[in-house]
Each structure stands twice: as structure tokens, then as C-alpha cells.
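**Q** Got a structure for you, written out below as C-alpha cells; questions coming shortly.
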Amino acid sequence: MQKVRLNILGLSVSQTQSGAYALVLTEENGDRRIPIIIGPVEAQAIAIQLEGLKPPRPLTHDLFKNLASVFEIKIEEVIIYKLEEGIFYSELICTSGEKHVRIDSRTSDAVALALRFKCPIYTSEEILQKAGIVLEDEQGFGIGKEKEHKRPPRETEYKNYTIAELNELLKEAITNEDYERASTIRDEITRRKK
């Protein structure tokens, strides 16, 4: 299989399934995108890492990374190797010393772990031909570090707060695991510092 490297373009609310999200991956040297429908918990795990938020207690994927680190297990890469009946299948390529192991994984979990281990994500040309789409308008996929998208400036409910008050609200939102609110507060702080 000839591997094609993918980057994370972002997350969007799914237009096809209520309560679900679309994780959008893009080929590194091309225009095709792969939208993958994932659940809200997995979307949160990915968004937290993309947004650079630090939860007060480790989430499941953070726990996995901590455990792997203690036992000197590394995820070298993630491979999305199969697409069958609309379901993407992935593997974690792991090493521990001289030992190399492939571990089956849901794609959403594999991507969440790839972000934490800072490892590449790959797929095949065959999967890109089956599932890849070219988007003319990328708006709506604003969460992501791989590509920055400019959002129109907007007034927020936090405009009357001081920076110190916003920092306290941000800490409180993270403590309460309200990451969507934390992201909005962080954006307001960033906007003011410009």
C-alpha cells in the first residue's frame, strides 16, 4: 500500500447525523478531504488537543498516552487502511524497544492518539479515491492547527469582562470540563491581546 499522509483540517457539526461531528482530514499534498463521522466524546478528545486546552484530570486518551510512556511504548504512525460500508478502519503502529505491533483502533480514537503522540496519519490512494472529496468552501472547519481559517470577528457574551476575569472564567470552564465555553473564552482573550 502506497501511503498518503493526512493532516487534520478540523471538526464540524455533522450535517447528516444528529449529535455527531465530522472530522475532516486532508491529504498533505492535494485538495481531497475525507470527512469521518464521529461521536461527541471523540470529537471533544480531538478538539481539546487541537485547541491546546489542558483538562484538570487526564481524559481517556491522555491516560493511554501516560500509560504508554511509562512502559516506553510509542505510537509511530496511524494508518487508515480500510473503508467498508461507510466505516473507516485504522491501526496504530506501535513500537516498544525492538518490538513492532499493529493494534486495531477506531479511527476517531486513532486520530485522538496521533495528536497526543505527535505522529503522522496515513491512508491509501484507494481510500482517498473512494471517500475523498474536494471542497470549494472550507468554512465551518475552523477548529484545527494544520490550517488556520479566519473567522469573521464577532461580539461575544464576554466583552464586558476584564482579562483577569476572563482568565478566571477560563480556569472554571476547564475545571468543569466545558471545553466549548473554554474555547470561546480563550478566543476572546486572544482577540484582545492582538
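FYI, nothing fancy with the C-alpha cells labels: chains A, B, ... in order, residues from 1 per chain, ligands from 1 as they appear.
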Taking only segment 38-186 of chain A into account, list the residues labelled strand (DSSP E or B) by DSSP (computed from the backbone), as an NGL selection string.

**A** :A and (38 or 74-84 or 87-96 or 99-106 or 121-124 or 133-134)

**Q** Find the residue from A:Lys194, A:Lys130, A:Lys99, A:Arg32 that sits nearest to Glu84 of chain A; use only C-alpha atoms when measuring.

**A**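 Answer, going by the shortest atom-to-atom distance: A:Lys130.
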
**Q** Between atom CA of Ala22 of chain A and atom CA of Ile36 of chain A, what is the distance, to one decimal in Å?

**A**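 Between atom CA of Ala22 of chain A and atom CA of Ile36 of chain A the gap works out to 5.3 Å.
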
**Q** Between A:Thr184, A:Thr175, A:Gln17, A:Asn167, which residue has the minimum interatomic distance to Pro55 of chain A, considering only C-alpha atoms?

**A**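 Going through A:Thr184, A:Thr175, A:Gln17, A:Asn167 one by one, the smallest distance to Pro55 of chain A is for A:Thr175.
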
**Q** Just list the residues in segment 27-123 of chain A DSSP gives helix (DSSP H, G or I) on the backbone, as a PyMOL selection string.

**A** chain A and resi 40-51+60-70+107-117

**Q** Neighbours of Ile121 of chain A within 12 Å (only C-alpha atoms; same-chain residues fewer than 4 positions away dropped), as a PDB file with N, CA and C atoms, in the first residue's frame?

**A**
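This is the output file selection.pdb:
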```pdb
ATOM      1  N   LYS A   3       1.388   4.823   0.938  1.00  0.00           N
ATOM      2  CA  LYS A   3       0.797   5.661   1.971  1.00  0.00           C
ATOM      3  C   LYS A   3       0.707   7.110   1.511  1.00  0.00           C
ATOM      4  N   VAL A   4      -0.433   7.740   1.858  1.00  0.00           N
ATOM      5  CA  VAL A   4      -0.649   9.157   1.598  1.00  0.00           C
ATOM      6  C   VAL A   4      -0.844   9.816   2.959  1.00  0.00           C
ATOM      7  N   ARG A   5      -0.023  10.812   3.247  1.00  0.00           N
ATOM      8  CA  ARG A   5      -0.108  11.465   4.556  1.00  0.00           C
ATOM      9  C   ARG A   5      -1.317  12.393   4.618  1.00  0.00           C
ATOM     10  N   LEU A   6      -1.975  12.376   5.779  1.00  0.00           N
ATOM     11  CA  LEU A   6      -3.147  13.212   6.022  1.00  0.00           C
ATOM     12  C   LEU A   6      -2.871  14.191   7.156  1.00  0.00           C
ATOM     13  N   ASN A   7      -3.500  15.346   7.085  1.00  0.00           N
ATOM     14  CA  ASN A   7      -3.476  16.320   8.169  1.00  0.00           C
ATOM     15  C   ASN A   7      -4.909  16.557   8.627  1.00  0.00           C
ATOM     16  N   ILE A   8      -5.055  17.050   9.829  1.00  0.00           N
ATOM     17  CA  ILE A   8      -6.383  17.342  10.355  1.00  0.00           C
ATOM     18  C   ILE A   8      -6.767  18.750   9.930  1.00  0.00           C
ATOM     19  N   LEU A  25     -10.222  15.231   7.443  1.00  0.00           N
ATOM     20  CA  LEU A  25      -8.795  15.035   7.184  1.00  0.00           C
ATOM     21  C   LEU A  25      -8.515  15.459   5.752  1.00  0.00           C
ATOM     22  N   THR A  26      -7.344  15.996   5.515  1.00  0.00           N
ATOM     23  CA  THR A  26      -6.979  16.446   4.177  1.00  0.00           C
ATOM     24  C   THR A  26      -5.639  15.844   3.782  1.00  0.00           C
ATOM     25  N   GLU A  27      -5.512  15.485   2.509  1.00  0.00           N
ATOM     26  CA  GLU A  27      -4.228  14.940   2.070  1.00  0.00           C
ATOM     27  C   GLU A  27      -3.190  16.059   2.101  1.00  0.00           C
ATOM     28  N   GLU A  28      -1.979  15.701   2.497  1.00  0.00           N
ATOM     29  CA  GLU A  28      -0.943  16.713   2.700  1.00  0.00           C
ATOM     30  C   GLU A  28      -0.578  17.444   1.406  1.00  0.00           C
ATOM     31  N   ILE A  75       3.611   5.309  19.725  1.00  0.00           N
ATOM     32  CA  ILE A  75       2.837   5.150  18.503  1.00  0.00           C
ATOM     33  C   ILE A  75       3.615   5.893  17.426  1.00  0.00           C
ATOM     34  N   GLU A  76       4.101   5.133  16.454  1.00  0.00           N
ATOM     35  CA  GLU A  76       4.926   5.710  15.385  1.00  0.00           C
ATOM     36  C   GLU A  76       4.074   6.347  14.293  1.00  0.00           C
ATOM     37  N   GLU A  77       2.930   5.703  13.995  1.00  0.00           N
ATOM     38  CA  GLU A  77       2.039   6.244  12.979  1.00  0.00           C
ATOM     39  C   GLU A  77       0.661   5.614  13.094  1.00  0.00           C
ATOM     40  N   VAL A  78      -0.299   6.278  12.487  1.00  0.00           N
ATOM     41  CA  VAL A  78      -1.668   5.782  12.402  1.00  0.00           C
ATOM     42  C   VAL A  78      -1.943   5.550  10.926  1.00  0.00           C
ATOM     43  N   ILE A  79      -2.554   4.417  10.611  1.00  0.00           N
ATOM     44  CA  ILE A  79      -2.888   4.114   9.222  1.00  0.00           C
ATOM     45  C   ILE A  79      -4.384   3.815   9.126  1.00  0.00           C
ATOM     46  N   ILE A  80      -5.067   4.591   8.310  1.00  0.00           N
ATOM     47  CA  ILE A  80      -6.464   4.303   7.978  1.00  0.00           C
ATOM     48  C   ILE A  80      -6.378   3.369   6.774  1.00  0.00           C
ATOM     49  N   TYR A  81      -6.612   2.088   7.000  1.00  0.00           N
ATOM     50  CA  TYR A  81      -6.281   1.084   5.994  1.00  0.00           C
ATOM     51  C   TYR A  81      -7.468   0.497   5.243  1.00  0.00           C
ATOM     52  N   SER A  90      -8.798   1.614  11.214  1.00  0.00           N
ATOM     53  CA  SER A  90      -7.455   2.147  11.430  1.00  0.00           C
ATOM     54  C   SER A  90      -6.614   1.224  12.285  1.00  0.00           C
ATOM     55  N   GLU A  91      -5.310   1.427  12.179  1.00  0.00           N
ATOM     56  CA  GLU A  91      -4.350   0.703  13.008  1.00  0.00           C
ATOM     57  C   GLU A  91      -3.369   1.689  13.614  1.00  0.00           C
ATOM     58  N   LEU A  92      -2.959   1.382  14.826  1.00  0.00           N
ATOM     59  CA  LEU A  92      -1.872   2.101  15.475  1.00  0.00           C
ATOM     60  C   LEU A  92      -0.617   1.272  15.244  1.00  0.00           C
ATOM     61  N   ILE A  93       0.415   1.876  14.708  1.00  0.00           N
ATOM     62  CA  ILE A  93       1.689   1.183  14.532  1.00  0.00           C
ATOM     63  C   ILE A  93       2.552   1.572  15.729  1.00  0.00           C
ATOM     64  N   THR A 107     -11.120   4.831  14.135  1.00  0.00           N
ATOM     65  CA  THR A 107     -10.387   5.946  13.538  1.00  0.00           C
ATOM     66  C   THR A 107     -10.406   7.181  14.430  1.00  0.00           C
ATOM     67  N   SER A 108     -11.523   7.460  15.077  1.00  0.00           N
ATOM     68  CA  SER A 108     -11.597   8.633  15.955  1.00  0.00           C
ATOM     69  C   SER A 108     -10.602   8.527  17.108  1.00  0.00           C
ATOM     70  N   ALA A 110      -7.870   6.656  17.066  1.00  0.00           N
ATOM     71  CA  ALA A 110      -6.533   6.680  16.467  1.00  0.00           C
ATOM     72  C   ALA A 110      -6.073   8.121  16.218  1.00  0.00           C
ATOM     73  N   VAL A 111      -6.984   8.964  15.735  1.00  0.00           N
ATOM     74  CA  VAL A 111      -6.633  10.370  15.478  1.00  0.00           C
ATOM     75  C   VAL A 111      -6.374  11.102  16.796  1.00  0.00           C
ATOM     76  N   ALA A 112      -7.210  10.855  17.812  1.00  0.00           N
ATOM     77  CA  ALA A 112      -7.010  11.488  19.122  1.00  0.00           C
ATOM     78  C   ALA A 112      -5.647  11.101  19.693  1.00  0.00           C
ATOM     79  N   LEU A 113      -5.250   9.848  19.503  1.00  0.00           N
ATOM     80  CA  LEU A 113      -3.938   9.397  19.995  1.00  0.00           C
ATOM     81  C   LEU A 113      -2.805   9.944  19.131  1.00  0.00           C
ATOM     82  N   ALA A 114      -3.007  10.026  17.819  1.00  0.00           N
ATOM     83  CA  ALA A 114      -1.975  10.584  16.936  1.00  0.00           C
ATOM     84  C   ALA A 114      -1.635  12.010  17.349  1.00  0.00           C
ATOM     85  N   LEU A 115      -2.655  12.782  17.726  1.00  0.00           N
ATOM     86  CA  LEU A 115      -2.408  14.155  18.193  1.00  0.00           C
ATOM     87  C   LEU A 115      -1.562  14.158  19.454  1.00  0.00           C
ATOM     88  N   PHE A 117       0.494  11.746  20.572  1.00  0.00           N
ATOM     89  CA  PHE A 117       1.827  11.186  20.342  1.00  0.00           C
ATOM     90  C   PHE A 117       2.599  11.965  19.268  1.00  0.00           C
TER      91      PHE A 117
END
```

**Q** Can you tell me which residues surround Ala182 of chain A at a distance of at most 9 Å, considering only C-alpha atoms, apart from same-chain residues fewer than 4 positions away, and format the answer as a ChimeraX atom specification?

**A** /A:53,169-174,177-178,186-187

**Q** Excluding Phe64 of chain A and any residue of its chain fewer than 2 positions from it, enumerate the residues within 12 Å of it, using only C-alpha atoms, and give them as JSON, numbers by chain.

**A** {"A": [58, 59, 60, 61, 62, 66, 67, 68, 69, 70, 71, 72, 73, 74, 75, 109, 110, 112, 113, 114, 116, 117]}

**Q** If I take atom CA of Lys54 of chain A and atom CA of Arg33 of chain A, how far is one from the other in Å, to one decimal?

**A**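 Computing it gives 28.4 Å between the two atoms.
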
**Q** Please, what distance in Å, to one decimal, runs between atom CA of Ala20 of chain A and atom CA of Arg106 of chain A?

**A** 15.2 Å

**Q** Would you pick out the contacts of Pro40 of chain A at 8 Å or less, using only C-alpha atoms, so that residues sharing its chain but fewer than 4 positions from it are not included, and give the list as a CSV table (one decimal) with N, CA and C atoms, in the first residue's frame?

**A**
```csv
chain,number,residue,atom,x,y,z
A,19,GLY,N,-26.3,15.0,16.5
A,19,GLY,CA,-25.5,14.8,17.7
A,19,GLY,C,-24.1,14.3,17.4
A,20,ALA,N,-23.8,14.2,16.1
A,20,ALA,CA,-22.5,13.7,15.7
A,20,ALA,C,-21.6,14.8,15.1
A,21,TYR,N,-20.4,14.5,14.9
A,21,TYR,CA,-19.5,15.5,14.3
A,21,TYR,C,-18.7,14.9,13.1
A,44,GLN,N,-14.7,15.7,21.2
A,44,GLN,CA,-14.2,16.5,22.4
A,44,GLN,C,-12.7,16.2,22.6
```

**Q** Would you please work out which residue, of A:Ala43, A:Met1, A:Leu83, A:Ile37, is nearest to Ser18 of chain A when using only C-alpha atoms?

**A**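 The shortest atom-to-atom distance to Ser18 of chain A comes from A:Ile37.
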